[in-house]
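Below: target38.txt (compact mmCIF, C-alpha atoms and all ligand atoms)
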# COMPACT_ATOMS: atom_id res chain seq x y z
CA ARG A 1 0.00 0.00 0.00
CA LEU A 2 1.15 3.47 -0.79
CA ARG A 3 3.06 5.17 1.94
CA ALA A 4 1.21 8.37 1.24
CA ALA A 5 1.27 11.30 3.61
CA HIS A 6 5.02 10.82 3.67
CA GLY A 7 5.86 14.34 2.77
CA LEU A 8 3.35 15.74 5.15
CA SER A 9 4.34 13.49 8.03
CA TRP A 10 7.91 14.50 7.56
CA LEU A 11 7.19 18.19 7.34
CA THR A 12 4.92 18.00 10.32
CA ALA A 13 7.62 16.27 12.26
CA GLN A 14 10.23 18.78 11.22
CA THR A 15 8.24 21.77 12.34
CA GLY A 16 5.56 20.52 14.69
CA ASP A 17 3.15 22.51 12.57
CA HIS A 18 -0.31 21.55 11.34
CA PRO A 19 -0.25 19.53 8.09
CA SER A 20 -2.81 21.66 6.24
CA ARG A 21 -0.65 24.77 6.69
CA LEU A 22 2.39 22.89 5.50
CA LEU A 23 0.89 22.30 2.08
CA HIS A 24 2.10 25.78 1.23
CA TYR A 25 5.25 25.59 3.22
CA PRO A 26 7.71 27.99 1.57
CA TRP A 27 10.72 25.68 1.40
CA ARG A 28 8.93 23.52 -1.11
CA ASP A 29 9.71 25.96 -3.91
CA ASN A 30 13.38 25.34 -3.33
CA PRO A 31 14.14 22.45 -0.95
CA TYR A 32 17.89 22.49 -1.61
CA PRO A 33 18.92 24.97 1.10
CA THR A 34 16.88 22.91 3.60
CA TYR A 35 18.64 19.77 2.44
CA ARG A 36 22.01 21.50 2.86
CA ARG A 37 21.15 22.41 6.45
CA LEU A 38 20.07 18.84 7.16
CA ARG A 39 23.30 17.42 5.68
CA ALA A 40 25.27 19.75 7.92
CA GLN A 41 23.72 17.85 10.87
CA GLY A 42 25.17 14.56 9.56
CA PRO A 43 23.78 11.60 7.63
CA PHE A 44 20.60 11.44 9.72
CA ALA A 45 18.42 13.83 11.66
CA THR A 46 15.58 12.98 14.01
CA SER A 47 12.77 15.45 14.54
CA ARG A 48 11.15 16.38 17.82
CA LEU A 49 8.42 13.83 17.10
CA GLY A 50 10.96 11.11 16.43
CA PHE A 51 10.79 11.16 12.63
CA ARG A 52 14.09 10.26 11.01
CA THR A 53 15.49 11.56 7.71
CA ALA A 54 18.56 10.35 5.80
CA HIS A 55 20.24 13.00 3.66
CA THR A 56 23.74 12.05 2.61
CA TYR A 57 24.46 10.02 -0.50
CA GLU A 58 26.00 7.19 1.46
CA ALA A 59 23.17 6.93 3.99
CA VAL A 60 20.39 7.12 1.39
CA SER A 61 22.16 4.70 -0.92
CA THR A 62 22.69 2.18 1.93
CA LEU A 63 19.04 2.33 2.94
CA LEU A 64 17.76 1.93 -0.61
CA ARG A 65 20.14 -0.87 -1.54
CA GLY A 66 20.58 -2.76 1.73
CA ARG A 67 18.88 -6.10 2.21
CA GLU A 68 18.32 -5.11 5.85
CA PHE A 69 15.61 -2.65 4.72
CA GLY A 70 12.17 -2.98 3.21
CA VAL A 71 9.32 -0.82 1.96
CA ARG A 72 6.97 -2.28 4.57
CA PRO A 73 7.43 -2.70 8.29
CA PRO A 74 8.95 -6.02 9.32
CA THR A 75 6.23 -8.60 9.91
CA PRO A 76 4.05 -8.91 11.83
CA THR A 77 3.82 -5.13 12.46
CA PRO A 78 0.63 -3.79 10.85
CA LEU A 79 1.06 -0.66 8.73
CA PRO A 80 -0.25 2.44 10.52
CA GLU A 81 -3.52 3.70 9.09
CA GLN A 82 -2.16 6.92 7.61
CA PHE A 83 0.01 4.84 5.31
CA GLU A 84 -2.89 2.81 3.94
CA VAL A 85 -4.16 4.96 1.14
CA LEU A 86 -3.77 3.38 -2.23
CA ASP A 87 -2.49 -0.04 -3.16
CA LEU A 88 0.34 0.43 -5.63
CA SER A 89 1.28 -3.19 -6.20
CA PHE A 90 4.91 -4.23 -5.93
CA LEU A 91 6.19 -0.69 -5.37
CA VAL A 92 4.92 -1.10 -1.85
CA LEU A 93 5.61 -4.81 -1.30
CA ASP A 94 8.69 -6.67 -0.09
CA ALA A 95 9.89 -10.12 -1.19
CA PRO A 96 8.54 -12.66 -2.00
CA ASP A 97 5.43 -10.93 -3.50
CA HIS A 98 7.58 -8.06 -4.76
CA THR A 99 9.92 -10.43 -6.61
CA ARG A 100 7.07 -12.39 -8.20
CA LEU A 101 5.05 -9.36 -9.37
CA ARG A 102 8.03 -7.30 -10.53
CA ALA A 103 9.21 -10.22 -12.68
CA LEU A 104 5.81 -10.27 -14.40
CA ALA A 105 5.97 -6.56 -15.25
CA ARG A 106 9.63 -6.60 -16.35
CA PRO A 107 9.08 -7.79 -19.96
CA ALA A 108 7.19 -4.52 -20.66
CA PHE A 109 10.53 -2.70 -20.35
CA SER A 110 12.81 -5.16 -22.18
CA PRO A 111 15.35 -3.79 -24.69
CA ARG A 112 13.26 -5.24 -27.53
CA ARG A 113 10.15 -3.41 -26.33
CA MET A 114 12.16 -0.22 -25.79
CA ALA A 115 13.32 -0.27 -29.39
CA GLY A 116 9.69 -0.55 -30.45
CA TYR A 117 8.59 2.35 -28.26
CA ARG A 118 11.20 4.72 -29.75
CA THR A 119 9.30 5.25 -33.01
CA GLU A 120 6.06 5.83 -31.13
CA ILE A 121 7.68 8.34 -28.74
CA GLU A 122 9.35 10.23 -31.60
CA LYS A 123 6.09 10.43 -33.50
CA THR A 124 4.14 11.79 -30.51
CA THR A 125 6.97 14.22 -29.65
CA HIS A 126 7.01 15.72 -33.13
CA GLU A 127 3.22 15.93 -33.35
CA LEU A 128 3.14 17.87 -30.08
CA LEU A 129 5.95 20.14 -31.22
CA ASP A 130 4.26 20.78 -34.59
CA ALA A 131 1.21 22.04 -32.70
CA ALA A 132 3.32 24.09 -30.28
CA LEU A 133 5.36 25.64 -33.08
CA ALA A 134 2.24 26.62 -34.96
CA ARG A 135 1.32 28.75 -31.94
CA ARG A 136 4.87 29.84 -31.02
CA ASP A 137 3.78 30.76 -27.49
CA PHE A 138 2.72 27.72 -25.52
CA ASP A 139 2.72 26.14 -22.11
CA LEU A 140 5.55 23.66 -21.83
CA MET A 141 3.75 21.54 -19.23
CA ARG A 142 0.22 21.51 -20.64
CA ASP A 143 1.18 21.28 -24.29
CA PHE A 144 4.26 19.06 -24.18
CA ALA A 145 5.65 17.68 -20.90
CA GLN A 146 2.31 16.27 -19.70
CA PRO A 147 0.74 14.85 -22.87
CA LEU A 148 3.90 13.07 -24.07
CA PRO A 149 4.45 10.58 -21.20
CA ILE A 150 0.71 10.11 -20.78
CA ALA A 151 0.33 9.12 -24.44
CA VAL A 152 3.36 6.83 -24.18
CA ILE A 153 2.23 4.94 -21.08
CA SER A 154 -1.34 4.68 -22.36
CA ARG A 155 -0.22 3.11 -25.65
CA LEU A 156 2.28 0.86 -23.84
CA LEU A 157 -0.43 -0.49 -21.60
CA GLY A 158 -2.96 -0.74 -24.40
CA VAL A 159 -5.40 2.01 -23.40
CA PRO A 160 -7.26 3.01 -26.58
CA GLU A 161 -6.93 6.65 -27.65
CA ALA A 162 -10.68 7.03 -27.36
CA ASP A 163 -10.41 6.51 -23.60
CA ASP A 164 -7.47 8.89 -23.13
CA GLU A 165 -9.46 11.75 -21.66
CA GLN A 166 -11.07 9.59 -18.98
CA PHE A 167 -7.78 7.92 -18.03
CA VAL A 168 -6.06 11.30 -17.80
CA ARG A 169 -8.73 12.72 -15.51
CA ILE A 170 -8.67 9.69 -13.23
CA GLY A 171 -4.89 9.36 -13.38
CA TYR A 172 -4.47 12.89 -12.09
CA ALA A 173 -7.00 12.41 -9.31
CA ILE A 174 -5.10 9.35 -8.11
CA GLY A 175 -1.65 10.72 -8.86
CA GLY A 176 -2.01 13.35 -6.16
CA ALA A 177 -2.11 10.52 -3.64
CA LEU A 178 1.59 9.96 -4.18
CA ASP A 179 2.10 13.11 -2.22
CA GLY A 180 -0.12 12.41 0.71
CA VAL A 181 -3.69 12.99 1.67
CA ARG A 182 -4.81 16.42 2.74
CA SER A 183 -8.25 15.71 4.16
CA ALA A 184 -11.05 13.17 4.43
CA SER A 185 -12.67 14.57 1.28
CA HIS A 186 -9.37 14.27 -0.60
CA LEU A 187 -9.13 10.64 0.49
CA ARG A 188 -12.70 10.07 -0.70
CA ARG A 189 -11.86 11.54 -4.13
CA ILE A 190 -8.83 9.26 -4.40
CA ASP A 191 -10.91 6.22 -3.47
CA GLU A 192 -13.59 7.13 -5.99
CA ALA A 193 -11.04 7.67 -8.75
CA ALA A 194 -9.34 4.36 -7.91
CA ALA A 195 -12.68 2.56 -8.13
CA GLU A 196 -13.42 4.23 -11.47
CA LEU A 197 -10.00 3.24 -12.78
CA ASP A 198 -10.61 -0.37 -11.74
CA VAL A 199 -13.82 -0.37 -13.79
CA LEU A 200 -12.01 1.02 -16.85
CA PHE A 201 -9.15 -1.46 -16.55
CA GLY A 202 -11.66 -4.25 -15.90
CA ARG A 203 -13.39 -3.48 -19.20
CA LEU A 204 -10.10 -3.26 -21.06
CA MET A 205 -8.96 -6.59 -19.60
CA ALA A 206 -12.15 -8.31 -20.69
CA GLU A 207 -11.64 -6.94 -24.21
CA ARG A 208 -8.03 -8.15 -24.35
CA ARG A 209 -8.96 -11.54 -22.98
CA ALA A 210 -11.36 -11.97 -25.88
CA ASP A 211 -9.05 -10.38 -28.43
CA PRO A 212 -5.37 -10.26 -27.28
CA ARG A 213 -3.00 -7.69 -28.79
CA GLU A 214 0.72 -6.86 -28.56
CA ASP A 215 0.30 -4.70 -25.47
CA VAL A 216 1.15 -5.00 -21.80
CA ILE A 217 -2.41 -5.53 -20.61
CA SER A 218 -2.88 -8.48 -22.98
CA ALA A 219 0.35 -10.04 -21.66
CA LEU A 220 -0.64 -9.53 -18.02
CA VAL A 221 -4.15 -10.86 -18.55
CA ALA A 222 -2.63 -14.06 -19.97
CA GLU A 223 -0.35 -14.34 -16.90
CA SER A 224 -3.31 -13.80 -14.60
CA ASP A 225 -5.40 -16.42 -16.40
CA GLY A 226 -2.45 -18.80 -16.00
CA GLY A 227 -2.54 -18.22 -12.23
CA ALA A 228 0.67 -16.14 -11.92
CA LEU A 229 -1.19 -13.26 -10.28
CA THR A 230 -4.66 -12.72 -8.90
CA PRO A 231 -7.21 -10.44 -10.61
CA ALA A 232 -6.79 -7.93 -7.75
CA GLU A 233 -2.99 -7.98 -8.20
CA LEU A 234 -3.46 -7.44 -11.91
CA ARG A 235 -5.61 -4.36 -11.32
CA THR A 236 -3.18 -2.76 -8.86
CA MET A 237 -0.24 -3.48 -11.15
CA CYS A 238 -1.94 -1.69 -14.06
CA ARG A 239 -2.67 1.18 -11.68
CA LEU A 240 1.00 1.37 -10.66
CA LEU A 241 2.23 1.39 -14.25
CA LEU A 242 -0.26 4.05 -15.28
CA LEU A 243 0.57 6.31 -12.33
CA ALA A 244 4.32 5.81 -12.64
CA GLY A 245 3.97 6.88 -16.26
CA PHE A 246 1.84 9.92 -15.37
CA GLU A 247 3.63 11.43 -12.42
CA THR A 248 7.33 11.15 -13.15
CA THR A 249 8.60 11.64 -16.71
CA VAL A 250 6.47 14.76 -17.07
CA ASN A 251 8.64 16.28 -14.35
CA LEU A 252 11.86 15.07 -15.90
CA ILE A 253 10.91 17.10 -18.98
CA GLY A 254 9.50 20.08 -17.06
CA ASN A 255 12.32 20.33 -14.50
CA GLY A 256 14.81 19.68 -17.28
CA VAL A 257 13.66 22.47 -19.57
CA MET A 258 13.45 24.85 -16.61
CA ALA A 259 17.03 24.03 -15.53
CA LEU A 260 18.32 24.32 -19.10
CA LEU A 261 16.65 27.67 -19.74
CA ARG A 262 17.80 29.03 -16.39
CA HIS A 263 21.35 28.00 -17.25
CA ARG A 264 21.27 29.38 -20.76
CA GLU A 265 24.84 28.38 -21.59
CA GLN A 266 23.86 24.74 -20.97
CA TRP A 267 20.88 25.09 -23.29
CA GLU A 268 23.17 26.57 -25.96
CA ARG A 269 25.52 23.60 -25.59
CA LEU A 270 22.63 21.24 -26.15
CA VAL A 271 21.45 23.23 -29.16
CA ASP A 272 24.98 23.12 -30.61
CA ASP A 273 25.24 19.39 -29.97
CA PRO A 274 21.88 17.63 -29.46
CA GLY A 275 23.87 14.41 -29.03
CA LEU A 276 24.44 15.64 -25.45
CA ALA A 277 20.77 14.88 -24.68
CA PRO A 278 21.39 11.57 -22.79
CA GLY A 279 23.92 13.30 -20.49
CA ALA A 280 21.53 16.20 -20.03
CA VAL A 281 18.83 13.77 -18.89
CA GLU A 282 21.15 12.30 -16.24
CA GLU A 283 22.15 15.73 -15.00
CA VAL A 284 18.53 16.88 -14.78
CA LEU A 285 17.68 13.75 -12.80
CA ARG A 286 20.55 14.48 -10.42
CA PHE A 287 20.04 18.22 -10.18
CA ASP A 288 16.27 18.38 -9.72
CA SER A 289 14.94 14.87 -9.23
CA PRO A 290 11.26 14.28 -10.13
CA VAL A 291 10.90 12.01 -7.08
CA GLN A 292 12.48 13.74 -4.10
CA MET A 293 12.06 11.15 -1.39
CA THR A 294 11.03 7.65 -0.45
CA THR A 295 11.03 5.60 2.73
CA ARG A 296 12.47 2.44 4.20
CA TRP A 297 11.84 0.33 7.31
CA ALA A 298 14.69 -1.53 9.00
CA HIS A 299 13.98 -5.27 9.02
CA THR A 300 17.00 -6.45 10.98
CA GLU A 301 19.37 -4.91 13.46
CA THR A 302 22.09 -2.99 11.66
CA THR A 303 24.28 0.13 11.73
CA VAL A 304 24.38 2.76 8.98
CA GLN A 305 27.15 5.35 9.05
CA GLY A 306 27.53 4.83 12.76
CA ARG A 307 23.79 5.02 13.46
CA PRO A 308 22.34 1.83 15.03
CA MET A 309 18.95 0.78 13.65
CA ARG A 310 16.46 -1.66 15.10
CA PRO A 311 13.78 -3.68 13.26
CA GLY A 312 10.77 -1.40 12.73
CA ASP A 313 12.81 1.83 12.51
CA TYR A 314 11.42 4.05 9.79
CA THR A 315 13.48 6.54 7.74
CA MET A 316 12.60 9.08 5.09
CA CYS A 317 15.31 8.88 2.41
CA LEU A 318 15.86 12.29 0.82
CA ILE A 319 16.92 11.39 -2.70
CA GLY A 320 17.00 15.05 -3.76
CA SER A 321 19.49 15.78 -0.99
CA ALA A 322 21.70 12.73 -1.68
CA ASN A 323 22.04 13.91 -5.28
CA ARG A 324 23.46 17.22 -4.06
CA ASP A 325 25.88 15.74 -1.53
CA PRO A 326 29.28 17.41 -2.04
CA ASP A 327 30.99 14.26 -0.72
CA ARG A 328 29.68 12.44 -3.78
CA PHE A 329 29.34 15.07 -6.54
CA SER A 330 31.87 17.87 -6.92
CA ASP A 331 30.33 21.34 -6.86
CA PRO A 332 26.87 19.68 -6.61
CA ASP A 333 24.79 22.86 -7.05
CA ARG A 334 26.35 23.47 -10.47
CA PHE A 335 24.15 22.30 -13.36
CA ASP A 336 26.44 20.79 -15.98
CA ILE A 337 25.07 18.54 -18.72
CA THR A 338 28.54 17.13 -19.41
CA ARG A 339 29.17 16.07 -15.80
CA GLU A 340 30.72 12.61 -16.04
CA ASP A 341 29.31 10.98 -12.95
CA ALA A 342 25.78 12.47 -13.11
CA SER A 343 24.24 9.05 -13.75
CA ASP A 344 25.32 7.91 -10.28
CA HIS A 345 22.29 9.84 -8.96
CA LEU A 346 19.74 8.00 -6.83
CA SER A 347 16.72 9.44 -8.65
CA PHE A 348 15.59 5.99 -9.79
CA SER A 349 16.16 4.62 -6.28
CA GLY A 350 18.37 1.54 -5.94
CA GLY A 351 18.41 -2.13 -5.00
CA ALA A 352 15.32 -4.32 -5.34
CA HIS A 353 12.98 -1.39 -6.06
CA TYR A 354 15.18 0.32 -8.65
CA CYS A 355 12.75 2.01 -11.04
CA LEU A 356 11.49 -0.53 -13.53
CA GLY A 357 10.55 2.23 -15.97
CA ALA A 358 14.01 3.86 -15.95
CA PRO A 359 14.87 2.82 -19.54
CA LEU A 360 11.55 4.24 -20.74
CA ALA A 361 11.94 7.48 -18.77
CA ARG A 362 15.48 7.92 -20.11
CA LEU A 363 14.33 7.28 -23.67
CA GLU A 364 11.44 9.73 -23.42
CA GLY A 365 13.64 12.35 -21.76
CA GLU A 366 16.34 12.01 -24.38
CA ILE A 367 13.93 12.21 -27.31
CA ALA A 368 12.07 15.17 -25.78
CA LEU A 369 15.15 17.27 -24.93
CA ARG A 370 16.82 16.50 -28.24
CA ALA A 371 13.73 17.40 -30.27
CA LEU A 372 13.25 20.65 -28.33
CA ALA A 373 16.90 21.66 -28.86
CA GLU A 374 16.78 20.76 -32.56
CA ARG A 375 13.45 22.30 -33.41
CA LEU A 376 13.15 25.20 -30.93
CA PRO A 377 16.70 26.50 -30.50
CA ARG A 378 15.45 29.93 -29.43
CA LEU A 379 13.11 28.56 -26.79
CA ARG A 380 12.84 30.87 -23.79
CA PRO A 381 10.56 31.46 -20.79
CA ALA A 382 7.60 33.74 -21.44
CA GLY A 383 6.43 33.89 -17.82
CA THR A 384 7.11 32.47 -14.40
CA PRO A 385 6.72 28.71 -13.97
CA THR A 386 4.07 27.70 -11.43
CA ARG A 387 4.67 24.86 -9.04
CA ARG A 388 2.23 22.10 -8.18
CA GLY A 389 1.57 21.86 -4.47
CA THR A 390 3.47 18.62 -4.09
CA THR A 391 6.45 17.56 -1.99
CA VAL A 392 7.41 13.98 -2.83
CA VAL A 393 7.02 14.60 -6.55
CA ARG A 394 8.80 17.76 -7.69
CA SER A 395 6.52 19.14 -10.30
CA LEU A 396 5.54 22.25 -12.26
CA SER A 397 1.91 22.82 -13.17
CA GLY A 398 2.59 25.47 -15.79
CA PHE A 399 5.54 26.98 -17.64
CA PRO A 400 4.76 29.60 -20.32
CA VAL A 401 7.44 29.54 -23.01
CA THR A 402 7.94 30.99 -26.46
CA ALA A 403 9.71 29.44 -29.40
CA GLY A 404 10.98 32.92 -30.32
CA SER A 405 11.56 34.03 -33.91
CA LEU A 406 12.02 31.06 -36.19
C1 LIG A 501 9.90 2.73 -8.90
C2 LIG A 501 11.49 7.16 -9.95
C3 LIG A 501 9.59 6.81 -14.41
C4 LIG A 501 7.74 2.55 -13.24
C5 LIG A 501 10.50 3.96 -8.82
C6 LIG A 501 11.22 4.43 -7.66
C7 LIG A 501 11.65 5.69 -7.96
C8 LIG A 501 11.22 6.00 -9.30
C9 LIG A 501 12.44 6.64 -7.06
C10 LIG A 501 11.46 3.62 -6.40
C11 LIG A 501 10.83 4.11 -5.14
C12 LIG A 501 11.40 3.37 -3.95
O1 LIG A 501 12.49 2.78 -4.01
O2 LIG A 501 10.75 3.39 -2.88
C13 LIG A 501 11.14 7.43 -11.26
C14 LIG A 501 11.52 8.62 -11.98
C15 LIG A 501 10.98 8.52 -13.24
C16 LIG A 501 10.27 7.27 -13.30
C17 LIG A 501 12.36 9.77 -11.41
C18 LIG A 501 11.04 9.47 -14.40
C19 LIG A 501 11.96 10.35 -14.59
C20 LIG A 501 8.91 5.64 -14.48
C21 LIG A 501 8.15 5.19 -15.61
C22 LIG A 501 7.64 4.00 -15.28
C23 LIG A 501 8.07 3.69 -13.93
C24 LIG A 501 7.99 5.94 -16.93
C25 LIG A 501 6.80 3.09 -16.12
C26 LIG A 501 5.62 3.17 -16.35
C27 LIG A 501 8.17 2.25 -11.98
C28 LIG A 501 7.80 1.03 -11.29
C29 LIG A 501 8.42 1.08 -10.04
C30 LIG A 501 9.16 2.33 -9.98
C31 LIG A 501 6.93 -0.07 -11.83
C32 LIG A 501 8.37 0.03 -8.92
C33 LIG A 501 9.64 -0.76 -8.89
C34 LIG A 501 9.69 -1.70 -7.71
O3 LIG A 501 9.12 -1.39 -6.65
O4 LIG A 501 10.26 -2.78 -7.86
N1 LIG A 501 10.52 4.91 -9.81
N2 LIG A 501 10.38 6.65 -12.09
N3 LIG A 501 8.84 4.71 -13.47
N4 LIG A 501 8.99 3.00 -11.18
FE1 LIG A 501 9.79 4.77 -11.68
Encoding of this model in structure tokens:
Amino acid sequence: RLRAAHGLSWLTAQTGDHPSRLLHYPWRDNPYPTYRRLRAQGPFATSRLGFRTAHTYEAVSTLLRGREFGVRPPTPTPLPEQFEVLDLSFLVLDAPDHTRLRALARPAFSPRRMAGYRTEIEKTTHELLDAALARRDFDLMRDFAQPLPIAVISRLLGVPEADDEQFVRIGYAIGGALDGVRSASHLRRIDEAAAELDVLFGRLMAERRADPREDVISALVAESDGGALTPAELRTMCRLLLLAGFETTVNLIGNGVMALLRHREQWERLVDDPGLAPGAVEEVLRFDSPVQMTTRWAHTETTVQGRPMRPGDYTMCLIGSANRDPDRFSDPDRFDITREDASDHLSFSGGAHYCLGAPLARLEGEIALRALAERLPRLRPAGTPTRRGTTVVRSLSGFPVTAGSL
């Protein structure tokens, strides 16, 4: 189950303030100075209410990769109620269920499949840019960064274009849950959207069962019919893949273009040599990670960077801070698309839960940044970007830009 309310719990613990006020907490616009202050306290800090954060590269990396840690509390501890919001399949399961379900989803991201997706991604990218160029002034998020990954994940799963609008509406309603639940009515909206999504996926699964295609849902339905996963597991897995596709790559593109345009000389380098796009993607992931934090529970007694941990200890791992640790990355606040070790970032997590969609996200990011640099070399901001009110996911809601004179 989704460990939602993470961001809020952490903020609450850091300040002792009321969660609803913290939704607009000022540091969210730029968390990096806060992270720097936390790192100055050492690898870990514990708040007044006993909430622990990990903020150095070594500490975060050890927690994400270590076999001593899991995404759920060690059995038989029940998960506290505030963590039980939305079942997101194997993202929120430990072995052995995690291993079994992840293995079933893995073929969707195989190198063969990736090669097939490239053409589709390029086509969608250029269609979106054709429309944007026709207008010259457009919103980078609404007109490009959001529709591209949504179209890609929908086609990958097998959602028909005719259903796009409905999936987008529901996907956004549920996507907000990744960042925590603000109120009882918010929780109700998430539950309703999740139920609606189950109905849509249920219909799609029935169609694919009768008439299988070359898409991920058809493959998973066959696995489910063969007994490899239950119908409920199948539904939550589709939900996870849809949401992961909705809430992450959009921010790789949005945060990336913002960083590039704010560091104009880096944008010019990319325009001069669009072949730098893969490196630019890694540096964007390091510099302004779309997923800023995740959590781990200690399962066995262990010590991390001198800090003893007992089974049941819970830690918020600040990925965004680890990526700016000066002990790991030289001059970490400098944005440099040719940085050699940028890809050592922890933005895709690590260990057993390493992002399954990383090859897809990298491919989409590379195609998007390259196409923008090639086709819109004079791209520049035409207004101030607006930020979504989220903490775990670092996300813009709008970014007015202009393609400039062509
Ligand atoms: C897991 C980040 C794109 C599918 C994760 C985790 C992170 C992450 C940090 C692990 C969380 C943890 O360890 O607790 C990102 C970022 C992306 C991205 C930054 C884009 C830039 C995608 C895409 C997909 C995807 C496009 C595919 C639809 C998944 C799945 C998991 C996952 C299925 C669960 C893996 C597991 O638990 O074994 N992602 N992700 N991600 N991601 Fe991504």
| message | For a quick check of understanding, using only C-alpha atoms and all ligand atoms, which of A:Lys123, A:Arg334, A:Arg65, A:Arg269 has the smallest distance to ligand LIG 501 (chain A)? | response |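 Nearest to ligand LIG 501 (chain A): A:Arg65.
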| Hey, what's within 12 Å of Pro107 of chain A if we count all atoms listed in the file and toss same-chain stuff fewer than 6 positions away? As JSON, numbers by chain, please? | {"A": [101, 113, 114, 156, 215, 216, 217, 219, 220, 223, 356, 357]}
Hey, can you spit out that residue selection with C-alpha atoms as a JSON list (two decimals), in the coordinates of the input?
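Contents of result.json, as written:
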[["chain", "number", "residue", "atom", "x", "y", "z"],
["A", 101, "LEU", "CA", 5.05, -9.36, -9.37],
["A", 113, "ARG", "CA", 10.15, -3.41, -26.33],
["A", 114, "MET", "CA", 12.16, -0.22, -25.79],
["A", 156, "LEU", "CA", 2.28, 0.86, -23.84],
["A", 215, "ASP", "CA", 0.30, -4.70, -25.47],
["A", 216, "VAL", "CA", 1.15, -5.00, -21.80],
["A", 217, "ILE", "CA", -2.41, -5.53, -20.61],
["A", 219, "ALA", "CA", 0.35, -10.04, -21.66],
["A", 220, "LEU", "CA", -0.64, -9.53, -18.02],
["A", 223, "GLU", "CA", -0.35, -14.34, -16.90],
["A", 356, "LEU", "CA", 11.49, -0.53, -13.53],
["A", 357, "GLY", "CA", 10.55, 2.23, -15.97]]
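Take atom CA of Leu129 of chain A and atom CA of Thr402 of chain A: the distance between them is 12.0 Å.
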| query | So, counting only C-alpha atoms and all ligand atoms, which residue among A:Leu204, A:Leu187, A:Val401, A:Cys355 is closest to ligand LIG 501 (chain A)? | reply |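 Among the listed residues, A:Cys355 lies closest to ligand LIG 501 (chain A).
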| task | May I ask which of the residues A:Asp333, A:Asp272, A:Asp97, A:Glu265 is the closest one to ligand LIG 501 (chain A), counting only C-alpha atoms and all ligand atoms? | result |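 Residue with the minimum atom-to-atom distance to ligand LIG 501 (chain A): A:Asp97.
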| request: Give the residue list for ligand LIG 501 (chain A) at 6 Å, counting only C-alpha atoms and all ligand atoms, as a list in words, sorted by chain and then by residue number. | output: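 Result of the 6 Å neighbour search around ligand LIG 501 (chain A): Phe90, Leu91, Arg102, Leu241, Ala244, Gly245, Thr248, Thr249, Leu252, Pro290, Val291, Thr294, Ser347, Phe348, Ser349, Ala352, His353, Tyr354, Cys355, Leu356, Gly357, Ala358, Leu360 and Ala361 of chain A.
Note that atom CA of Pro111 of chain A and atom CA of Phe287 of chain A are 26.8 Å apart.
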For Leu93 of chain A, list every protein, DNA or RNA residue within 12 Å, evaluated using only C-alpha atoms, and leave out those in the same chain fewer than 4 positions away; present the list as a compact mmCIF listing (two decimals) with C-alpha atoms, in the coordinates of the input.
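As written to disk, part.txt reads:
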# COMPACT_ATOMS: atom_id res chain seq x y z
CA ARG A 1 0.00 0.00 0.00
CA LEU A 2 1.15 3.47 -0.79
CA ARG A 3 3.06 5.17 1.94
CA PHE A 69 15.61 -2.65 4.72
CA GLY A 70 12.17 -2.98 3.21
CA VAL A 71 9.32 -0.82 1.96
CA ARG A 72 6.97 -2.28 4.57
CA PRO A 73 7.43 -2.70 8.29
CA PRO A 74 8.95 -6.02 9.32
CA THR A 75 6.23 -8.60 9.91
CA LEU A 79 1.06 -0.66 8.73
CA ASP A 87 -2.49 -0.04 -3.16
CA LEU A 88 0.34 0.43 -5.63
CA SER A 89 1.28 -3.19 -6.20
CA ASP A 97 5.43 -10.93 -3.50
CA HIS A 98 7.58 -8.06 -4.76
CA THR A 99 9.92 -10.43 -6.61
CA ARG A 100 7.07 -12.39 -8.20
CA LEU A 101 5.05 -9.36 -9.37
CA ARG A 102 8.03 -7.30 -10.53
CA GLU A 233 -2.99 -7.98 -8.20
CA THR A 236 -3.18 -2.76 -8.86
CA MET A 237 -0.24 -3.48 -11.15
CA ARG A 296 12.47 2.44 4.20
CA TRP A 297 11.84 0.33 7.31
CA ALA A 352 15.32 -4.32 -5.34
CA HIS A 353 12.98 -1.39 -6.06
| said: Distance cut-off 12 Å, centre (-10.4, -7.4, -19.9) in file coordinates, counting all atoms listed in the file: which residues qualify? Return them as number ranges by chain. | reply: A: 158-159, 198-213, 216-222, 224-225, 231, 234-235, 238
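Nearest residue to Ala177 of chain A among A:Ala108, A:Arg362, A:Thr295, A:Leu86 is A:Leu86, counting all atoms listed in the file.
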| Shell of 10 Å around segment 274-286 of chain A, all atoms listed in the file, local chain residues under 4 positions omitted, as an MDAnalysis selection string | chainID A and resid 251:260 266:270 290:291 319:324 329 332:348 361:374
| field | Point-to-point distance in Å for atom CA of Ala298 of chain A and atom CA of Asp313 of chain A | value |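 Atom-to-atom, atom CA of Asp313 of chain A and atom CA of Ala298 of chain A are spaced 5.2 Å apart.
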| request: Might you pull out every residue within 7 Å of Thr53 of chain A, with only C-alpha atoms counted and same-chain residues fewer than 6 positions away left off, and present them as a list in words? | output: Phe44, Ala45, Thr46, Thr315, Met316, Cys317 and Leu318 of chain A
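Distance annotation: of A:Ala162, A:Leu178, A:Ala232, A:Leu128, the residue with the minimal separation from Phe144 of chain A is A:Leu128; atom set is only C-alpha atoms.
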| field | Residues within 7 Å of Ala145 of chain A, all atoms listed in the file, excluding chain neighbours under 3 positions, as a ChimeraX atom specification | value | /A:140-142,148,250,253-254
| query | Looking at A:Ser61, A:Thr391, A:Thr125, A:Ser330, which one is nearest to Asp143 of chain A, with distances taken over only C-alpha atoms? | reply |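 When distances to Asp143 of chain A are compared using only C-alpha atoms, the smallest one comes from A:Thr125.
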| request: Scan for residues within 12 Å of the point (7.8, 29.1, -30.4) in the coordinates of the file, using only C-alpha atoms, and reply as an MDAnalysis selection string. | output: chainID A and resid 129:140 143 372:373 375:382 400:406
